[in-house]
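Participant: Sharing a structure with you now.
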Amino acid sequence: MEYKRITSITDPNFKKLHDLMRGIFPPEEVLEYELWKEPLEDPSIRVFVAVNGDEVVGATEYRYYPDWNIAMTDFTIISRPGLSLGRFLAQNRLKDLQQLAVNNGKELFGMFAEIYDPYRVGHEFGDVKVMDPYVRREVLSHLGYKQIDLDYVHPSWENNGEAVKGLDFCFMPMNDELDAIPASLVADFLSTYYSILSNKPKEWLDMIEALRQKETITLLPL
């Protein structure tokens, strides 16, 4: 199995990845094919696929932020069992991020991720059992992710001013003994990550303001 980066919509593997996304995610969560052109060409956005033979069987998108020395995982797709895809993607992603941190003269501090809470809100992923939110939540806990002690909402990607709930904002510290992180890091990161959306819900703005009133925020078991 190969770990290959995609940087153009003309890459034959991107068509396979886009078809895979459309088969797993709801239509409103899959960016149109042509609209992927700029994100794929952005050097800060890293999209990799797991290629088994001539088939794309998994993928992950993530970013490294040198100023904060942290990463953010945008999504991970595992399409089938029995290939150790979760470990393959996680290990290759971490290796890549650690090298980016070394190039930045540092050791990676940790990685953010939004993680579905299926105990509050149900989610279906194209009836792909290995993408089941209950399974994924436990896998991410095993990887070392911890829940940030925050009543989390995020702005809708439809930019309609609605607050999206049902996810937890989480952090995987490279030092597993770390039990808190600076609240300003969380506030600054989220403000940057969602800066592209102009129509922020009041719940999100209130959450950011509350974070800015704190010095640290606790990391809880996931």
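Identifiers in this document derive from the order of the structure tokens: chains are assigned A, B, ..., residues are numbered from 1 separately in each chain, and ligands are numbered from 1 in order of occurrence.
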At a cut-off of 12 Å, can you tabulate as a Markdown table every residue of region 68-176 of chain A near region 45-48 of chain A together with its closest atom pair and the distance in Å to one decimal, using only C-alpha atoms and ordering rows by chain then number?
Facilitator:
```
| residue | atom | partner | partner_atom | distance |
| --- | --- | --- | --- | --- |
| A:Ala71 | CA | A:Ile45 | CA | 10.6 |
| A:Met72 | CA | A:Ile45 | CA | 9.9 |
| A:Thr73 | CA | A:Arg46 | CA | 9.6 |
| A:Asp74 | CA | A:Ile45 | CA | 9.4 |
| A:Phe75 | CA | A:Val47 | CA | 9.4 |
| A:Thr76 | CA | A:Phe48 | CA | 9.6 |
| A:Ile77 | CA | A:Phe48 | CA | 10.4 |
| A:Phe88 | CA | A:Phe48 | CA | 11.5 |
| A:Leu89 | CA | A:Phe48 | CA | 8.6 |
| A:Ala90 | CA | A:Phe48 | CA | 11.2 |
| A:Asn92 | CA | A:Phe48 | CA | 9.4 |
| A:Arg93 | CA | A:Phe48 | CA | 8.5 |
| A:Asp96 | CA | A:Arg46 | CA | 9.7 |
| A:Leu97 | CA | A:Arg46 | CA | 10.0 |
| A:Leu100 | CA | A:Arg46 | CA | 11.4 |
```
Participant: Would you mind listing what lies within 12 Å of Tyr119 (chain A) as an NGL selection string, with only C-alpha atoms counted and same-chain residues fewer than 5 positions away left out?
Facilitator: :A and (133-135 or 137 or 166-168)
Participant: Using N, CA, C and O atoms, can you write the selected residues to a file as an mmCIF file, in the first residue's frame?
Facilitator:
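Final output, saved to selection.cif:
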```
data_model
loop_
_atom_site.group_PDB
_atom_site.id
_atom_site.type_symbol
_atom_site.label_atom_id
_atom_site.label_comp_id
_atom_site.auth_asym_id
_atom_site.auth_seq_id
_atom_site.Cartn_x
_atom_site.Cartn_y
_atom_site.Cartn_z
ATOM 1 N N PRO A 133 -19.295 6.225 13.789
ATOM 2 C CA PRO A 133 -18.786 7.200 14.759
ATOM 3 C C PRO A 133 -18.439 6.603 16.114
ATOM 4 O O PRO A 133 -17.525 7.092 16.788
ATOM 5 N N TYR A 134 -19.136 5.553 16.531
ATOM 6 C CA TYR A 134 -18.800 4.901 17.808
ATOM 7 C C TYR A 134 -17.410 4.274 17.727
ATOM 8 O O TYR A 134 -16.592 4.393 18.636
ATOM 9 N N VAL A 135 -17.152 3.602 16.597
ATOM 10 C CA VAL A 135 -15.849 2.967 16.391
ATOM 11 C C VAL A 135 -14.754 4.021 16.294
ATOM 12 O O VAL A 135 -13.709 3.925 16.937
ATOM 13 N N ARG A 137 -14.629 7.063 17.363
ATOM 14 C CA ARG A 137 -14.372 7.781 18.615
ATOM 15 C C ARG A 137 -13.421 6.977 19.501
ATOM 16 O O ARG A 137 -12.488 7.522 20.103
ATOM 17 N N GLY A 166 -22.977 18.598 18.115
ATOM 18 C CA GLY A 166 -22.826 17.160 17.938
ATOM 19 C C GLY A 166 -21.395 16.709 17.771
ATOM 20 O O GLY A 166 -21.145 15.530 17.516
ATOM 21 N N LEU A 167 -20.443 17.647 17.880
ATOM 22 C CA LEU A 167 -19.028 17.285 17.828
ATOM 23 C C LEU A 167 -18.332 17.788 19.086
ATOM 24 O O LEU A 167 -18.791 18.723 19.741
ATOM 25 N N ASP A 168 -17.236 17.148 19.414
ATOM 26 C CA ASP A 168 -16.349 17.624 20.471
ATOM 27 C C ASP A 168 -15.074 18.119 19.821
ATOM 28 O O ASP A 168 -14.593 17.537 18.840
#
```
Participant: DSSP on the backbone, helix (DSSP H, G or I) only: what residues of region 5-222 of chain A does that give? Format it as an MDAnalysis selection string.
Facilitator: chainID A and resid 12:24 27:29 33:41 85:103 129:131 133:143 183:193 202:212
Participant: Using only C-alpha atoms, find each residue in region 120-174 of chain A having at least one atom no more than 9 Å away from region 105-110 of chain A; report its shortest atom-to-atom pair and that distance in Å (one decimal), rows by chain then rising number, as CSV.
Facilitator:
```
residue,atom,partner,partner_atom,distance
A:Phe171,CA,A:Gly110,CA,6.8
A:Met172,CA,A:Gly110,CA,5.3
A:Pro173,CA,A:Gly110,CA,4.2
A:Met174,CA,A:Gly110,CA,5.2
```
Participant: Given only C-alpha atoms as the basis, pick out the residue of A:Trp36, A:Tyr152, A:Tyr3, A:Phe189 nearest to Thr60 (chain A).
Facilitator: A:Tyr3
Participant: Of the candidates A:Arg22, A:Lys129, A:Arg63, A:Ile78, which one gets nearest to Gln98 (chain A) if we count only C-alpha atoms?
Facilitator: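 For Gln98 (chain A), the nearest of the candidates is A:Arg63.
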Participant: Write out as a PyMOL selection string which residues come within 9 Å of Ser44 (chain A) when counting only C-alpha atoms, dropping same-chain ones fewer than 3 positions away.
Facilitator: chain A and resi 39+41+62-65
Participant: Quote the spacing between CA of Glu177 (chain A) and CA of Ala113 (chain A) in Å to one decimal place.
Facilitator: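 One can read the CA of Glu177 (chain A) to CA of Ala113 (chain A) distance as 18.6 Å.
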Participant: Identify which of the residues A:Ser191, A:Gln147, A:Thr216, A:Asn199 lies closest to Glu162 (chain A), counting only C-alpha atoms when measuring atom-to-atom distances.
Facilitator: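 Distance minimum relative to Glu162 (chain A) lands on A:Asn199.
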Participant: Name all residues at most 8 Å from Val164 (chain A) (count only C-alpha atoms; drop same-chain ones fewer than 5 positions away) and give them as a list in words.
Facilitator: Val153, His154, Pro155 and Ser156 of chain A
Participant: Using C-alpha atoms, can you write the selected residues to a file as a compact mmCIF listing (two decimals), in the first residue's frame?
Facilitator:
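Result file follows (selection_23.txt):
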```txt
# COMPACT_ATOMS: atom_id res chain seq x y z
CA VAL A 153 -20.14 24.45 18.47
CA HIS A 154 -18.77 25.44 15.09
CA PRO A 155 -20.09 27.71 12.32
CA SER A 156 -21.91 25.93 9.51
```
Participant: Env of region 13-21 of chain A: 12 Å cut, atoms = only C-alpha atoms, seq-sep filter 3 positions within chain, self excluded. Answer as a PyMOL selection string.
Facilitator: chain A and resi 2-10+24-37+40+47-61+75-80+125-126+128+131
